[in-house]
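Colleague: Below is a structure I'd like to ask you about.
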Amino acid sequence: MSEQQTSAAAGPAAASAAGAGVIDLLGLLAYARLVAFFRLAGDAELAPTLAGKGQLAEIAVSEQANYRRLHDRLRELGADPEEAMRPFVVPLDAWHARTEPQSWLESLVKAYVGDGIADDFYRRLAELADLETQALVRDTLVESGRAEFVAAQVRAAIADDPRLAGRLSLWARRLVGEALSQAQSVAARRPDLAALLGGGARESAEGGAGADDTAQPGDLAMVSRMFADLTDAHTARLEAMGLSG
């Protein structure tokens, strides 16, 4: 058998060994990073200073690099990256549509708080996967200077106009609520992803009459509890920007 044939034959086996939950996790993250690249690139155009434009452009480039690493890992596992991402296009696009920023400052808070709590959730899910997946997810969730840049920009704006603090705090709370709703929606539709919380992907009968294509209530309850456990990191992000929870 040629090297190419051996690689092709090993692909599905590698994907099977990784588990459907891991493929879902990597597909979700790959699409999230791809969307983040386009969104941050767009936000860079709205930045009021050249320094701000340059900083956000650099963060956008790092998100594109993260997307490529996740995309390539999916191929290594024998999965089709586009197919792995496809189930998450509608829910993630819907979340971004519901949380469309109305100002430069709102876009910064979203990039830090909204994306941050979602990334915390992805990181916690990855802890239940294999070691290689854990390492890859950790590397692609590094904030790449985002935290320091956003916190400084928001603090400076609030110092100039203290009235902004209340409005931006409300915006941050809305982002967290929408992120929780998004996670529950995705988990309900992707049972293998939700089942990572139980220590591994759920096995289902192929083509059987009893195959279960929805997440179990216990899995969804664990998703909710996991998000509740992330409040400490969320509170720290708010405090760094001079906002209240």
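Ligands are numbered from 1 in the order shown, chains are lettered A, B, ... in the order of the structure tokens, and residues start at 1 in each chain.
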If you run DSSP on this backbone, which residues of region 45-127 of chain A come out as helix (DSSP H, G or I), and could you give them as a PyMOL selection string?
Modeller: chain A and resi 45-46+50-76+81-98+104-126
Colleague: Hey, which bits of region 128-158 of chain A sit within 10 Å of region 51-54 of chain A, and for each residue what's the closest pair of atoms and how far apart in Å (one decimal), counting only C-alpha atoms, rows by chain and increasing number, as JSON lines?
Modeller:
```
{"residue": "A:Phe149", "atom": "CA", "partner": "A:Gly52", "partner_atom": "CA", "distance": 8.4}
{"residue": "A:Val150", "atom": "CA", "partner": "A:Gly52", "partner_atom": "CA", "distance": 9.6}
{"residue": "A:Gln153", "atom": "CA", "partner": "A:Gly52", "partner_atom": "CA", "distance": 8.8}
```
Colleague: Where does region 102-125 of chain A meet region 55-78 of chain A within 12 Å, residue by residue, with the nearest atom pair and distance in Å to one decimal for each, counting only C-alpha atoms, listed by chain and rising number, as a tab-separated table?
Modeller:
```
residue	atom	partner	partner_atom	distance
A:Trp104	CA	A:Leu56	CA	11.7
A:Ser107	CA	A:Leu56	CA	11.1
A:Leu108	CA	A:Leu56	CA	9.6
A:Ala111	CA	A:Leu56	CA	10.1
A:Tyr112	CA	A:Ile59	CA	11.7
```
Colleague: May I have the selected residues written with N, CA and C atoms, as a PDB file, in the first residue's frame?
Modeller:
```
ATOM      1  N   TRP A 104     -17.870  51.427  19.103  1.00  0.00           N
ATOM      2  CA  TRP A 104     -16.507  50.917  19.207  1.00  0.00           C
ATOM      3  C   TRP A 104     -16.275  50.268  20.577  1.00  0.00           C
ATOM      4  N   SER A 107     -17.947  46.943  20.945  1.00  0.00           N
ATOM      5  CA  SER A 107     -17.237  45.894  20.214  1.00  0.00           C
ATOM      6  C   SER A 107     -16.033  45.399  21.022  1.00  0.00           C
ATOM      7  N   LEU A 108     -15.368  46.308  21.747  1.00  0.00           N
ATOM      8  CA  LEU A 108     -14.241  45.900  22.575  1.00  0.00           C
ATOM      9  C   LEU A 108     -14.697  45.011  23.735  1.00  0.00           C
ATOM     10  N   ALA A 111     -15.459  41.602  22.450  1.00  0.00           N
ATOM     11  CA  ALA A 111     -14.256  40.837  22.121  1.00  0.00           C
ATOM     12  C   ALA A 111     -13.591  40.282  23.365  1.00  0.00           C
ATOM     13  N   TYR A 112     -13.750  40.974  24.484  1.00  0.00           N
ATOM     14  CA  TYR A 112     -13.089  40.559  25.721  1.00  0.00           C
ATOM     15  C   TYR A 112     -13.996  39.709  26.603  1.00  0.00           C
TER      16      TYR A 112
END
```
Colleague: Please provide as a tab-separated table (two decimals) with C-alpha atoms, in the first residue's frame all residues within 9 Å of Leu92 (chain A), with the sequence filter that same-chain residues fewer than 6 positions apart are discarded (counting only C-alpha atoms).
Modeller:
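Saved result, selection-v7.tsv, follows:
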```tsv
chain	number	residue	atom	x	y	z
A	28	LEU	CA	-16.86	24.56	16.75
A	31	TYR	CA	-15.55	28.29	13.02
A	32	ALA	CA	-15.44	30.50	16.12
A	35	VAL	CA	-15.60	34.42	12.59
A	182	GLN	CA	-25.83	29.76	22.76
A	186	VAL	CA	-25.38	24.00	20.59
```
Colleague: If you count only C-alpha atoms, which residues fall within 8 Å of Gly166 (chain A), apart from same-chain ones fewer than 3 positions away, as a ChimeraX atom specification?
Modeller: /A:163,169-170,243-244
Colleague: Please produce a file of those selected residues containing C-alpha atoms, as a CSV table (one decimal), in the first residue's frame.
Modeller:
```csv
chain,number,residue,atom,x,y,z
A,163,ARG,CA,-21.6,57.5,32.7
A,169,SER,CA,-21.8,46.8,32.5
A,170,LEU,CA,-25.4,46.1,31.2
A,243,LEU,CA,-17.1,47.6,35.2
A,244,SER,CA,-19.4,45.9,37.7
```
Colleague: Find the nearest atom pair between each residue of region 92-118 of chain A and region 38-46 of chain A for residues within 12 Å, count only C-alpha atoms, give distances in Å to one decimal, sort rows by chain and ascending number, and present the table as a tab-separated table.
Modeller:
```
residue	atom	partner	partner_atom	distance
A:Asp93	CA	A:Arg39	CA	11.3
A:His96	CA	A:Arg39	CA	9.5
A:Ala97	CA	A:Arg39	CA	11.6
A:Glu100	CA	A:Arg39	CA	10.3
A:Pro101	CA	A:Asp43	CA	9.8
A:Gln102	CA	A:Asp43	CA	11.2
A:Ser103	CA	A:Leu46	CA	8.8
A:Trp104	CA	A:Leu46	CA	6.5
A:Leu105	CA	A:Asp43	CA	10.0
A:Glu106	CA	A:Asp43	CA	10.3
A:Ser107	CA	A:Asp43	CA	7.0
A:Leu108	CA	A:Asp43	CA	8.3
A:Val109	CA	A:Asp43	CA	11.7
A:Lys110	CA	A:Leu40	CA	10.5
A:Ala111	CA	A:Leu40	CA	7.9
A:Tyr112	CA	A:Leu40	CA	11.2
A:Asp115	CA	A:Leu40	CA	11.4
```
Colleague: Between A:Gly21, A:Pro87, A:Thr99, A:Ala135, which residue has the minimum interatomic distance to Val176 (chain A), considering only C-alpha atoms?
Modeller: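 Among the listed residues, A:Thr99 lies closest to Val176 (chain A).
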